[in-house]
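Data file: entry_11.tsv. Format and content: TSV, C-alpha atoms.
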chain	number	residue	atom	x	y	z
A	1	MET	CA	34.06	-0.81	-2.60
A	2	THR	CA	34.08	-2.93	-5.72
A	3	ASP	CA	35.20	-1.95	-9.14
A	4	SER	CA	31.86	-2.96	-10.60
A	5	LEU	CA	31.77	0.11	-12.82
A	6	ASP	CA	35.23	-0.55	-14.12
A	7	THR	CA	35.01	-2.67	-17.23
A	8	THR	CA	38.56	-2.24	-18.40
A	9	PRO	CA	40.21	-5.62	-18.93
A	10	ASP	CA	43.23	-4.88	-16.76
A	11	ARG	CA	41.77	-5.81	-13.39
A	12	ARG	CA	44.13	-8.60	-12.36
A	13	PRO	CA	45.91	-8.15	-8.99
A	14	GLY	CA	48.97	-6.07	-9.56
A	15	GLY	CA	47.51	-4.65	-12.77
A	16	ARG	CA	46.86	-1.04	-13.56
A	17	THR	CA	43.59	-0.94	-11.59
A	18	ALA	CA	45.25	-2.30	-8.48
A	19	ARG	CA	48.18	0.05	-8.91
A	20	ILE	CA	45.93	3.09	-9.17
A	21	ARG	CA	43.96	1.98	-6.11
A	22	ALA	CA	47.18	1.58	-4.13
A	23	GLN	CA	48.39	5.04	-5.18
A	24	VAL	CA	45.06	6.65	-4.34
A	25	LEU	CA	44.68	4.92	-0.98
A	26	ASP	CA	48.26	5.80	-0.01
A	27	ALA	CA	47.37	9.40	-0.78
A	28	VAL	CA	44.16	9.17	1.28
A	29	ARG	CA	46.09	7.81	4.27
A	30	ALA	CA	48.72	10.52	4.01
A	31	GLU	CA	46.16	13.32	3.60
A	32	LEU	CA	44.05	11.96	6.48
A	33	ALA	CA	47.01	11.70	8.79
A	34	GLU	CA	48.31	15.15	7.89
A	35	HIS	CA	45.13	17.16	7.61
A	36	GLY	CA	42.40	15.03	9.19
A	37	HIS	CA	39.29	14.09	7.29
A	38	GLU	CA	38.21	17.71	7.09
A	39	GLY	CA	41.17	18.39	4.84
A	40	LEU	CA	40.40	15.39	2.64
A	41	THR	CA	39.31	16.41	-0.87
A	42	MET	CA	38.99	14.50	-4.12
A	43	GLU	CA	41.31	17.04	-5.75
A	44	GLY	CA	43.95	16.81	-3.03
A	45	VAL	CA	43.98	13.04	-3.20
A	46	ALA	CA	44.16	12.99	-7.01
A	47	THR	CA	47.05	15.47	-7.04
A	48	ARG	CA	48.97	13.66	-4.33
A	49	ALA	CA	48.38	10.28	-5.97
A	50	GLY	CA	49.34	11.59	-9.40
A	51	VAL	CA	46.11	10.14	-10.77
A	52	HIS	CA	43.64	11.92	-13.02
A	53	ARG	CA	40.81	13.59	-11.12
A	54	ALA	CA	38.22	12.03	-13.41
A	55	THR	CA	39.49	8.56	-12.47
A	56	VAL	CA	39.19	9.32	-8.77
A	57	TYR	CA	35.64	10.65	-9.21
A	58	ARG	CA	34.63	7.72	-11.39
A	59	ARG	CA	35.89	5.00	-9.07
A	60	TRP	CA	35.34	6.53	-5.61
A	61	ARG	CA	32.60	9.05	-6.34
A	62	ASP	CA	33.15	11.20	-3.22
A	63	VAL	CA	35.18	11.56	-0.03
A	64	GLY	CA	32.90	9.05	1.71
A	65	GLY	CA	33.80	6.50	-0.98
A	66	LEU	CA	37.50	7.12	-0.38
A	67	LEU	CA	37.07	6.67	3.37
A	68	VAL	CA	35.14	3.44	2.96
A	69	ASP	CA	37.74	2.03	0.60
A	70	VAL	CA	40.66	2.94	2.83
A	71	ILE	CA	38.92	1.20	5.75
A	72	ASP	CA	38.10	-1.81	3.56
A	73	ALA	CA	41.75	-1.93	2.52
A	74	ALA	CA	42.79	-2.02	6.17
A	75	GLY	CA	40.59	-5.09	6.55
A	76	GLU	CA	42.30	-6.75	3.57
A	77	ILE	CA	45.71	-6.67	5.21
A	78	ALA	CA	46.80	-10.11	6.35
A	79	TRP	CA	46.71	-9.61	10.10
A	80	GLU	CA	46.97	-12.31	12.73
A	81	PRO	CA	46.28	-11.88	16.44
A	82	PRO	CA	49.34	-12.36	18.67
A	83	ASP	CA	50.16	-15.90	19.81
A	84	THR	CA	52.58	-15.67	22.72
A	85	GLY	CA	51.58	-18.80	24.64
A	86	SER	CA	49.48	-17.15	27.35
A	87	LEU	CA	46.27	-15.17	27.56
A	88	ARG	CA	48.00	-12.38	29.45
A	89	GLY	CA	50.80	-12.27	26.89
A	90	ASP	CA	48.44	-12.27	23.92
A	91	LEU	CA	46.24	-9.50	25.29
A	92	THR	CA	49.25	-7.43	26.27
A	93	ALA	CA	50.72	-7.78	22.78
A	94	LEU	CA	47.36	-6.90	21.23
A	95	ASN	CA	47.11	-3.83	23.45
A	96	GLN	CA	50.64	-2.80	22.54
A	97	GLU	CA	49.68	-2.89	18.86
A	98	ILE	CA	46.57	-0.83	19.61
A	99	GLN	CA	48.49	1.68	21.72
A	100	GLU	CA	51.10	2.14	18.99
A	101	SER	CA	48.45	2.75	16.35
A	102	LEU	CA	46.78	5.38	18.53
A	103	VAL	CA	49.91	7.12	19.76
A	104	VAL	CA	51.88	7.40	16.52
A	105	GLN	CA	51.88	10.95	15.17
A	106	PRO	CA	50.04	11.46	12.93
A	107	SER	CA	47.68	8.58	13.71
A	108	PHE	CA	45.74	7.19	10.79
A	109	ALA	CA	43.59	5.21	13.27
A	110	VAL	CA	42.54	8.33	15.18
A	111	ALA	CA	41.91	10.22	11.94
A	112	LEU	CA	39.56	7.41	10.84
A	113	MET	CA	37.68	7.51	14.14
A	114	ALA	CA	37.26	11.26	13.78
A	115	ALA	CA	36.03	10.81	10.22
A	116	SER	CA	33.55	8.17	11.30
A	117	PHE	CA	31.77	10.76	13.46
A	118	HIS	CA	30.98	12.72	10.32
A	119	SER	CA	30.41	10.13	7.63
A	120	GLU	CA	27.78	7.44	8.04
A	121	GLN	CA	29.48	5.44	5.30
A	122	ALA	CA	32.84	5.59	7.07
A	123	ALA	CA	31.18	4.72	10.39
A	124	ARG	CA	29.61	1.60	8.91
A	125	ALA	CA	32.85	0.50	7.30
A	126	GLN	CA	34.76	1.05	10.51
A	127	THR	CA	32.20	-0.85	12.59
A	128	GLN	CA	32.53	-3.75	10.17
A	129	LEU	CA	36.31	-3.69	10.33
A	130	TRP	CA	36.27	-3.69	14.12
A	131	THR	CA	33.68	-6.48	14.24
A	132	ASP	CA	35.93	-8.56	12.00
A	133	ARG	CA	39.03	-7.83	14.09
A	134	TYR	CA	37.34	-8.76	17.37
A	135	ALA	CA	36.02	-11.95	15.74
A	136	GLN	CA	39.55	-12.78	14.60
A	137	CYS	CA	40.83	-12.21	18.14
A	138	GLU	CA	38.43	-14.74	19.65
A	139	ILE	CA	41.08	-17.37	18.91
A	140	ILE	CA	43.11	-15.79	21.72
A	141	VAL	CA	40.37	-16.74	24.17
A	142	GLU	CA	39.84	-20.16	22.58
A	143	ARG	CA	43.52	-20.99	22.97
A	144	ALA	CA	43.41	-19.84	26.62
A	145	VAL	CA	40.46	-22.17	27.24
A	146	GLU	CA	42.36	-25.06	25.64
A	147	ARG	CA	45.36	-24.32	27.85
A	148	GLY	CA	43.10	-24.35	30.91
A	149	GLU	CA	43.76	-20.70	31.70
A	150	LEU	CA	40.08	-19.83	32.06
A	151	PRO	CA	37.21	-21.18	34.17
A	152	ALA	CA	35.51	-24.29	32.81
A	153	GLN	CA	32.28	-22.38	32.14
A	154	PRO	CA	32.02	-21.01	28.59
A	155	THR	CA	33.50	-17.54	28.30
A	156	ASP	CA	32.04	-14.63	26.33
A	157	ALA	CA	35.19	-14.02	24.28
A	158	ARG	CA	34.11	-10.71	22.81
A	159	SER	CA	33.29	-9.19	26.22
A	160	LEU	CA	36.65	-10.31	27.54
A	161	LEU	CA	38.44	-8.80	24.53
A	162	ILE	CA	36.53	-5.54	24.89
A	163	ALA	CA	37.29	-5.34	28.60
A	164	ALA	CA	40.98	-5.82	27.80
A	165	THR	CA	41.18	-3.26	25.00
A	166	ALA	CA	38.56	-0.61	25.88
A	167	PRO	CA	40.69	1.23	28.47
A	168	LEU	CA	43.29	2.01	25.78
A	169	TYR	CA	40.78	3.60	23.45
A	170	HIS	CA	39.12	5.39	26.32
A	171	GLN	CA	42.34	6.81	27.77
A	172	LEU	CA	44.08	7.66	24.53
A	173	VAL	CA	41.25	8.64	22.18
A	174	LEU	CA	38.50	10.04	24.37
A	175	LEU	CA	40.29	11.16	27.55
A	176	ARG	CA	43.41	12.19	25.58
A	177	ALA	CA	45.68	10.99	28.36
A	178	ASP	CA	49.40	10.86	27.83
A	179	PRO	CA	50.43	7.38	26.71
A	180	ASP	CA	51.33	5.17	29.66
A	181	PRO	CA	53.80	2.43	28.67
A	182	HIS	CA	52.35	0.19	31.39
A	183	LEU	CA	48.74	0.54	30.27
A	184	PRO	CA	48.71	-2.24	27.64
A	185	LYS	CA	49.90	-4.79	30.19
A	186	ARG	CA	47.77	-3.48	33.05
A	187	ALA	CA	44.56	-3.41	31.04
A	188	ALA	CA	45.29	-6.93	29.77
A	189	GLU	CA	45.97	-8.12	33.29
A	190	ALA	CA	42.78	-6.64	34.72
A	191	ALA	CA	40.76	-8.46	32.05
A	192	VAL	CA	42.56	-11.73	32.75
A	193	LEU	CA	41.93	-11.41	36.50
A	194	ALA	CA	38.27	-10.58	35.89
A	195	ALA	CA	37.97	-13.55	33.54
A	196	GLY	CA	39.60	-15.82	36.11
A	197	ALA	CA	36.98	-14.68	38.61
A	198	GLY	CA	34.20	-15.59	36.17
A	199	ALA	CA	33.33	-12.08	34.94
A	200	PHE	CA	32.82	-13.19	31.35
A	201	SER	CA	31.33	-16.62	31.95
A	202	VAL	CA	28.15	-17.14	30.01
A	203	ARG	CA	25.08	-19.10	31.14
A	204	ARG	CA	24.88	-16.95	34.21
A	205	THR	CA	21.24	-16.00	33.82
A	206	ARG	CA	21.56	-13.25	36.38
A	207	PRO	CA	24.53	-11.21	37.45
A	208	LEU	CA	26.34	-12.15	40.64
B	20	MET	CA	34.89	31.22	29.78
B	21	THR	CA	34.70	34.25	31.96
B	22	ASP	CA	32.80	37.42	31.35
B	23	SER	CA	35.94	39.46	31.80
B	24	LEU	CA	35.02	41.73	28.88
B	25	ASP	CA	31.57	42.33	30.23
B	26	THR	CA	31.63	45.40	32.41
B	27	THR	CA	27.91	45.92	32.72
B	28	PRO	CA	26.86	46.06	36.38
B	29	ASP	CA	24.19	43.39	36.08
B	30	ARG	CA	26.40	40.33	36.57
B	31	ARG	CA	24.82	38.81	39.66
B	32	PRO	CA	23.58	35.20	39.34
B	33	GLY	CA	20.14	35.24	37.81
B	34	GLY	CA	20.77	38.65	36.30
B	35	ARG	CA	20.68	39.57	32.66
B	36	THR	CA	24.18	38.24	31.95
B	37	ALA	CA	23.34	34.87	33.44
B	38	ARG	CA	20.01	34.79	31.62
B	39	ILE	CA	21.64	35.47	28.27
B	40	ARG	CA	24.25	32.82	28.91
B	41	ALA	CA	21.55	30.28	29.76
B	42	GLN	CA	19.62	31.13	26.59
B	43	VAL	CA	22.71	30.91	24.40
B	44	LEU	CA	23.96	27.65	25.93
B	45	ASP	CA	20.50	26.08	25.61
B	46	ALA	CA	20.61	27.03	21.95
B	47	VAL	CA	24.13	25.57	21.56
B	48	ARG	CA	23.01	22.26	23.10
B	49	ALA	CA	19.94	22.08	20.89
B	50	GLU	CA	21.87	22.95	17.72
B	51	LEU	CA	24.65	20.49	18.59
B	52	ALA	CA	22.22	17.69	19.27
B	53	GLU	CA	20.20	18.37	16.12
B	54	HIS	CA	22.90	19.20	13.60
B	55	GLY	CA	26.18	18.13	15.19
B	56	HIS	CA	29.04	20.54	15.65
B	57	GLU	CA	29.42	20.95	11.90
B	58	GLY	CA	26.05	22.66	11.83
B	59	LEU	CA	26.93	24.94	14.73
B	60	THR	CA	27.21	28.58	13.68
B	61	MET	CA	27.28	31.83	15.63
B	62	GLU	CA	24.32	33.05	13.58
B	63	GLY	CA	22.26	29.90	14.15
B	64	VAL	CA	22.86	30.04	17.88
B	65	ALA	CA	22.03	33.75	18.10
B	66	THR	CA	18.80	33.27	16.16
B	67	ARG	CA	17.72	30.25	18.16
B	68	ALA	CA	18.57	31.96	21.45
B	69	GLY	CA	16.83	35.17	20.45
B	70	VAL	CA	19.98	37.07	21.38
B	71	HIS	CA	21.67	39.75	19.31
B	72	ARG	CA	24.47	38.39	17.11
B	73	ALA	CA	26.84	41.09	18.32
B	74	THR	CA	26.36	39.92	21.90
B	75	VAL	CA	27.18	36.33	20.97
B	76	TYR	CA	30.31	37.40	19.07
B	77	ARG	CA	31.42	39.70	21.86
B	78	ARG	CA	31.05	37.17	24.66
B	79	TRP	CA	31.94	33.90	22.94
B	80	ARG	CA	34.05	35.11	20.00
B	81	ASP	CA	33.67	31.96	17.87
B	82	VAL	CA	32.18	28.46	17.74
B	83	GLY	CA	35.13	27.14	19.75
B	84	GLY	CA	34.24	29.59	22.52
B	85	LEU	CA	30.64	28.36	22.53
B	86	LEU	CA	31.78	24.73	22.73
B	87	VAL	CA	34.14	25.45	25.61
B	88	ASP	CA	31.46	27.29	27.53
B	89	VAL	CA	28.85	24.59	27.05
B	90	ILE	CA	31.36	22.02	28.35
B	91	ASP	CA	32.29	24.29	31.26
B	92	ALA	CA	28.59	24.68	32.04
B	93	ALA	CA	28.23	20.89	32.16
B	94	GLY	CA	30.98	20.90	34.79
B	95	GLU	CA	29.11	23.50	36.84
B	96	ILE	CA	26.05	21.30	37.28
B	97	ALA	CA	25.81	19.96	40.81
B	98	TRP	CA	26.45	16.30	40.15
B	99	GLU	CA	27.11	13.64	42.76
B	100	PRO	CA	28.35	10.13	42.09
B	101	PRO	CA	25.84	7.39	43.01
B	102	ASP	CA	25.85	6.10	46.59
B	103	THR	CA	23.98	2.80	46.67
B	104	GLY	CA	25.81	1.09	49.50
B	105	SER	CA	28.02	-1.22	47.44
B	106	LEU	CA	30.84	-0.85	44.92
B	107	ARG	CA	29.00	-2.99	42.41
B	108	GLY	CA	25.82	-0.96	42.88
B	109	ASP	CA	27.59	2.38	42.59
B	110	LEU	CA	29.49	1.42	39.43
B	111	THR	CA	26.37	-0.05	37.87
B	112	ALA	CA	24.40	3.12	38.59
B	113	LEU	CA	27.25	5.23	37.20
B	114	ASN	CA	27.33	3.11	34.06
B	115	GLN	CA	23.59	3.41	33.68
B	116	GLU	CA	23.89	7.19	33.72
B	117	ILE	CA	26.67	7.02	31.15
B	118	GLN	CA	24.74	4.62	28.93
B	119	GLU	CA	21.66	6.85	29.02
B	120	SER	CA	23.67	9.91	28.07
B	121	LEU	CA	25.21	8.09	25.10
B	122	VAL	CA	22.08	6.33	23.89
B	123	VAL	CA	19.57	9.17	24.07
B	124	GLN	CA	18.70	10.54	20.62
B	125	PRO	CA	20.01	13.06	19.88
B	126	SER	CA	22.93	12.69	22.29
B	127	PHE	CA	24.56	15.89	23.43
B	128	ALA	CA	27.43	13.81	24.93
B	129	VAL	CA	28.21	12.14	21.62
B	130	ALA	CA	27.95	15.45	19.76
B	131	LEU	CA	30.52	16.92	22.16
B	132	MET	CA	32.88	14.00	21.62
B	133	ALA	CA	32.58	14.45	17.86
B	134	ALA	CA	33.24	18.17	18.24
B	135	SER	CA	36.30	17.52	20.37
B	136	PHE	CA	37.93	15.72	17.44
B	137	HIS	CA	37.81	18.96	15.49
B	138	SER	CA	38.36	21.69	18.03
B	139	GLU	CA	41.46	21.75	20.21
B	140	GLN	CA	39.68	24.14	22.57
B	141	ALA	CA	36.71	21.79	22.93
B	142	ALA	CA	39.03	18.81	23.38
B	143	ARG	CA	40.85	20.52	26.24
B	144	ALA	CA	37.61	21.54	27.94
B	145	GLN	CA	36.23	18.04	27.60
B	146	THR	CA	39.40	16.43	28.96
B	147	GLN	CA	39.18	18.74	31.96
B	148	LEU	CA	35.52	17.92	32.54
B	149	TRP	CA	36.23	14.18	32.40
B	150	THR	CA	39.24	14.53	34.70
B	151	ASP	CA	37.04	16.31	37.22
B	152	ARG	CA	34.27	13.73	36.94
B	153	TYR	CA	36.63	10.79	37.45
B	154	ALA	CA	38.18	12.59	40.41
B	155	GLN	CA	34.70	13.11	41.88
B	156	CYS	CA	33.97	9.40	41.42
B	157	GLU	CA	37.00	8.33	43.44
B	158	ILE	CA	34.77	8.57	46.52
B	159	ILE	CA	33.00	5.45	45.20
B	160	VAL	CA	36.24	3.52	45.58
B	161	GLU	CA	37.08	5.15	48.92
B	162	ARG	CA	33.73	4.12	50.35
B	163	ALA	CA	34.25	0.57	49.07
B	164	VAL	CA	37.63	0.46	50.82
B	165	GLU	CA	36.03	1.67	54.05
B	166	ARG	CA	33.37	-1.03	53.76
B	167	GLY	CA	36.08	-3.66	53.30
B	168	GLU	CA	34.94	-4.52	49.78
B	169	LEU	CA	38.43	-4.21	48.28
B	170	PRO	CA	41.79	-5.80	49.05
B	171	ALA	CA	43.75	-4.17	51.87
B	172	GLN	CA	46.43	-2.94	49.46
B	173	PRO	CA	45.84	0.59	48.18
B	174	THR	CA	43.74	0.65	45.03
B	175	ASP	CA	44.31	2.85	42.00
B	176	ALA	CA	40.80	4.33	42.02
B	177	ARG	CA	41.03	5.99	38.62
B	178	SER	CA	42.14	2.78	36.86
B	179	LEU	CA	39.30	0.89	38.51
B	180	LEU	CA	36.79	3.55	37.42
B	181	ILE	CA	38.13	3.55	33.88
B	182	ALA	CA	38.00	-0.23	33.67
B	183	ALA	CA	34.36	-0.10	34.81
B	184	THR	CA	33.25	2.63	32.42
B	185	ALA	CA	35.47	2.24	29.34
B	186	PRO	CA	33.53	-0.68	27.80
B	187	LEU	CA	30.42	1.53	27.57
B	188	TYR	CA	32.17	4.27	25.66
B	189	HIS	CA	33.96	1.74	23.50
B	190	GLN	CA	30.84	-0.24	22.62
B	191	LEU	CA	28.45	2.65	22.20
B	192	VAL	CA	30.61	5.46	20.83
B	193	LEU	CA	33.42	3.80	18.89
B	194	LEU	CA	32.01	0.35	17.99
B	195	ARG	CA	28.49	1.77	17.57
B	196	ALA	CA	26.98	-1.38	19.06
B	197	ASP	CA	23.28	-1.52	19.83
B	198	PRO	CA	22.71	-0.61	23.48
B	199	ASP	CA	22.73	-3.68	25.70
B	200	PRO	CA	20.64	-3.16	28.85
B	201	HIS	CA	22.90	-5.61	30.72
B	202	LEU	CA	26.15	-3.86	29.79
B	203	PRO	CA	26.21	-1.28	32.63
B	204	LYS	CA	25.95	-4.02	35.24
B	205	ARG	CA	28.26	-6.47	33.49
B	206	ALA	CA	31.01	-3.92	32.94
B	207	ALA	CA	30.71	-2.81	36.58
B	208	GLU	CA	30.87	-6.42	37.75
B	209	ALA	CA	33.93	-7.25	35.68
B	210	ALA	CA	35.76	-4.27	37.21
B	211	VAL	CA	34.71	-5.29	40.72
B	212	LEU	CA	35.91	-8.87	40.16
B	213	ALA	CA	39.20	-7.62	38.72
B	214	ALA	CA	39.60	-5.28	41.69
B	215	GLY	CA	38.87	-8.11	44.12
B	216	ALA	CA	41.64	-10.10	42.44
B	217	GLY	CA	44.06	-7.23	42.95
B	218	ALA	CA	44.09	-5.84	39.40
B	219	PHE	CA	44.16	-2.22	40.53
B	220	SER	CA	46.31	-2.59	43.64
B	221	VAL	CA	49.14	-0.12	43.67
B	222	ARG	CA	52.64	-0.75	45.05
B	223	ARG	CA	53.01	-3.75	42.79
B	224	THR	CA	56.30	-2.74	41.22
B	225	ARG	CA	55.90	-5.33	38.50
B	226	PRO	CA	52.81	-6.96	37.02
B	227	LEU	CA	51.72	-10.33	38.36

Take the structure in this file and express it as structure tokens.
Amino acid sequence: MTDSLDTTPDRRPGGRTARIRAQVLDAVRAELAEHGHEGLTMEGVATRAGVHRATVYRRWRDVGGLLVDVIDAAGEIAWEPPDTGSLRGDLTALNQEIQESLVVQPSFAVALMAASFHSEQAARAQTQLWTDRYAQCEIIVERAVERGELPAQPTDARSLLIAATAPLYHQLVLLRADPDPHLPKRAAEAAVLAAGAGAFSVRRTRPL
Amino acid sequence: MTDSLDTTPDRRPGGRTARIRAQVLDAVRAELAEHGHEGLTMEGVATRAGVHRATVYRRWRDVGGLLVDVIDAAGEIAWEPPDTGSLRGDLTALNQEIQESLVVQPSFAVALMAASFHSEQAARAQTQLWTDRYAQCEIIVERAVERGELPAQPTDARSLLIAATAPLYHQLVLLRADPDPHLPKRAAEAAVLAAGAGAFSVRRTRPL
């Protein structure tokens, strides 16, 4: 979401435009978490943000525009993957962050996933955000390779990261299991053991 | 969903009651797949099924009731987990079934997952169906233990099954990745390698 239609001069970071965006996106997050995306309306967001309805319509157009911008904003946050000194430690810490974001009530992350089933725009923005996050996390695997924690053969970092994190999403979002405090570590460990056994080595032209 | 309110005598399998249920659930599946759960209405289902609206209201009450019954019906299908002679083969075949159900256009499975984000009733029914399916699949792990394919220590079958299948749901449903024909086998293999390295052994009181 760019402000390409906004030609007012006050577009510097921290200016009025940025302040209004922050107010509106805070309101979107709060409304999403409280009422889910089905309860998200332009009017509700404008009222909660204390911003004129016309401004919200002009800049975000519709609920899909609000969803996309709130996802884009999540991608703008300065986030760094964990760096604990070991692959197991990094993946466990990453999984703990993921588990917290999914378990917190109300969960903005889960509300966004629900919304992405019903808005193509939101789905695309979320896919992009996740692609970026997994790309950022590849450094975890690169550091493990440098430390000699993984087999010499090149490792498919993304597959390893997905193997480590997928059980959390599956259990908590799709299977709606009760949160298991051991799951972040166990899922990380299983991925590390699989990686150690060559599960994510590339250049295997055929599976074992 | 029981027919507890239906006191007509013709309730034997294959009778009128069963026939109407089959017609209505076929219509629910078709409407869900075509329009998603947002497009699911009692009227639309009644029309498509060629069944009187009053009958649909009386037996299923509301859209939530239709969703629950269509999920329950999925659980009533005689389904057996694959039995290929090896753990890797069984998990790969299971993953292939899962991938097909998620990739087919339109996907009834994905429509149900979307619906479960918006209907507590549907979410509970789906959780129950998945719980039953994973329980059914534990035989895959038991057979592998009998064949000596897994470490002697007891294995947490459900965790192994989730590790094998979760990457498919994560990639295809949440990350909306393009289907990868190698993913079913690769995800199965990674879980088998992790299991071989003891990732799902129970009785470990603390992680490795």

Could you pull the residues within 10 Å of Ser105 of chain B, counting all atoms listed in the file, minus those fewer than 2 positions along the same chain, as a CSV table (one decimal) with C-alpha atoms, keeping the file's coordinate frame?
chain,number,residue,atom,x,y,z
B,101,PRO,CA,25.8,7.4,43.0
B,102,ASP,CA,25.8,6.1,46.6
B,103,THR,CA,24.0,2.8,46.7
B,107,ARG,CA,29.0,-3.0,42.4
B,108,GLY,CA,25.8,-1.0,42.9
B,109,ASP,CA,27.6,2.4,42.6
B,110,LEU,CA,29.5,1.4,39.4
B,111,THR,CA,26.4,0.0,37.9
B,159,ILE,CA,33.0,5.4,45.2
B,160,VAL,CA,36.2,3.5,45.6
B,162,ARG,CA,33.7,4.1,50.4
B,163,ALA,CA,34.2,0.6,49.1
B,166,ARG,CA,33.4,-1.0,53.8
B,168,GLU,CA,34.9,-4.5,49.8

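Atom CA of Arg133 of chain A is found 8.6 Å from atom CA of Pro81 of chain A.
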
Atomic distance atom CA of Gln96 of chain A - atom CA of Asp180 of chain A, expressed in Å with one decimal: 10.7 Å

Who sits within 8 Å of Ser220 of chain B, all atoms listed in the file, same chain under 3 positions skipped, as a PyMOL selection string: chain B and resi 170+172-175+214+217+223

Of A:Ala30, A:Ala73, A:Leu94, A:Leu25, the one nearest to Ser107 of chain A when counting only C-alpha atoms is A:Ala30

How many Å lie between atom CA of Glu157 of chain B and atom CA of Pro184 of chain A, rounded to one decimal?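 Interatomic distance here is 22.3 Å.
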
Which residue is closest to Val28 of chain A? Choose from A:Ala125, A:Trp79, A:Leu112, A:Gln105 and count only C-alpha atoms.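 Checking each of A:Ala125, A:Trp79, A:Leu112, A:Gln105 against Val28 of chain A, counting only C-alpha atoms, the winner is A:Leu112.
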
Go ahead and find all residues with at least one atom no further than 9 Å from (34.0, 4.3, 2.1) in the file's coordinates, using all atoms listed in the file; report them as a PyMOL selection string. chain A and resi 1+60+62-72+119+121-125

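Residues in contact range of Val24 of chain A, defined as at most 7 Å between all atoms listed in the file, with sequence neighbours fewer than 5 positions away removed, read A:Val45, A:Ala46, A:Ala49.
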
Please complete segment 86-90 of chain A so it has all heavy atoms, and hand it over as a PDB file, in the coordinates of the input.
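Below is the file result-v8.pdb, written as the result:
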ATOM      1  N   SER A  86      50.333 -17.366  26.167  1.00  0.00           N
ATOM      2  CA  SER A  86      49.480 -17.150  27.350  1.00  0.00           C
ATOM      3  C   SER A  86      48.444 -16.078  27.047  1.00  0.00           C
ATOM      4  O   SER A  86      48.662 -15.208  26.183  1.00  0.00           O
ATOM      5  CB  SER A  86      50.323 -16.723  28.563  1.00  0.00           C
ATOM      6  OG  SER A  86      50.696 -15.354  28.427  1.00  0.00           O
ATOM      7  N   LEU A  87      47.339 -16.149  27.749  1.00  0.00           N
ATOM      8  CA  LEU A  87      46.270 -15.170  27.560  1.00  0.00           C
ATOM      9  C   LEU A  87      46.778 -13.777  27.894  1.00  0.00           C
ATOM     10  O   LEU A  87      46.567 -12.811  27.151  1.00  0.00           O
ATOM     11  CB  LEU A  87      45.072 -15.533  28.448  1.00  0.00           C
ATOM     12  CG  LEU A  87      43.874 -14.586  28.395  1.00  0.00           C
ATOM     13  CD1 LEU A  87      43.315 -14.471  26.980  1.00  0.00           C
ATOM     14  CD2 LEU A  87      42.779 -15.040  29.364  1.00  0.00           C
ATOM     15  N   ARG A  88      47.472 -13.676  29.028  1.00  0.00           N
ATOM     16  CA  ARG A  88      48.000 -12.380  29.450  1.00  0.00           C
ATOM     17  C   ARG A  88      48.975 -11.825  28.401  1.00  0.00           C
ATOM     18  O   ARG A  88      48.939 -10.641  28.061  1.00  0.00           O
ATOM     19  CB  ARG A  88      48.691 -12.556  30.802  1.00  0.00           C
ATOM     20  CG  ARG A  88      49.288 -11.315  31.377  1.00  0.00           C
ATOM     21  CD  ARG A  88      49.686 -11.547  32.820  1.00  0.00           C
ATOM     22  NE  ARG A  88      48.531 -11.534  33.694  1.00  0.00           N
ATOM     23  CZ  ARG A  88      48.288 -12.390  34.673  1.00  0.00           C
ATOM     24  NH1 ARG A  88      49.136 -13.379  34.905  1.00  0.00           N
ATOM     25  NH2 ARG A  88      47.207 -12.277  35.413  1.00  0.00           N
ATOM     26  N   GLY A  89      49.822 -12.694  27.902  1.00  0.00           N
ATOM     27  CA  GLY A  89      50.800 -12.270  26.890  1.00  0.00           C
ATOM     28  C   GLY A  89      50.131 -11.843  25.598  1.00  0.00           C
ATOM     29  O   GLY A  89      50.496 -10.822  24.987  1.00  0.00           O
ATOM     30  N   ASP A  90      49.132 -12.613  25.167  1.00  0.00           N
ATOM     31  CA  ASP A  90      48.440 -12.270  23.920  1.00  0.00           C
ATOM     32  C   ASP A  90      47.715 -10.933  24.033  1.00  0.00           C
ATOM     33  O   ASP A  90      47.783 -10.096  23.124  1.00  0.00           O
ATOM     34  CB  ASP A  90      47.417 -13.357  23.557  1.00  0.00           C
ATOM     35  CG  ASP A  90      48.067 -14.631  23.040  1.00  0.00           C
ATOM     36  OD1 ASP A  90      49.313 -14.654  22.898  1.00  0.00           O
ATOM     37  OD2 ASP A  90      47.329 -15.608  22.793  1.00  0.00           O
TER      38      ASP A  90
END
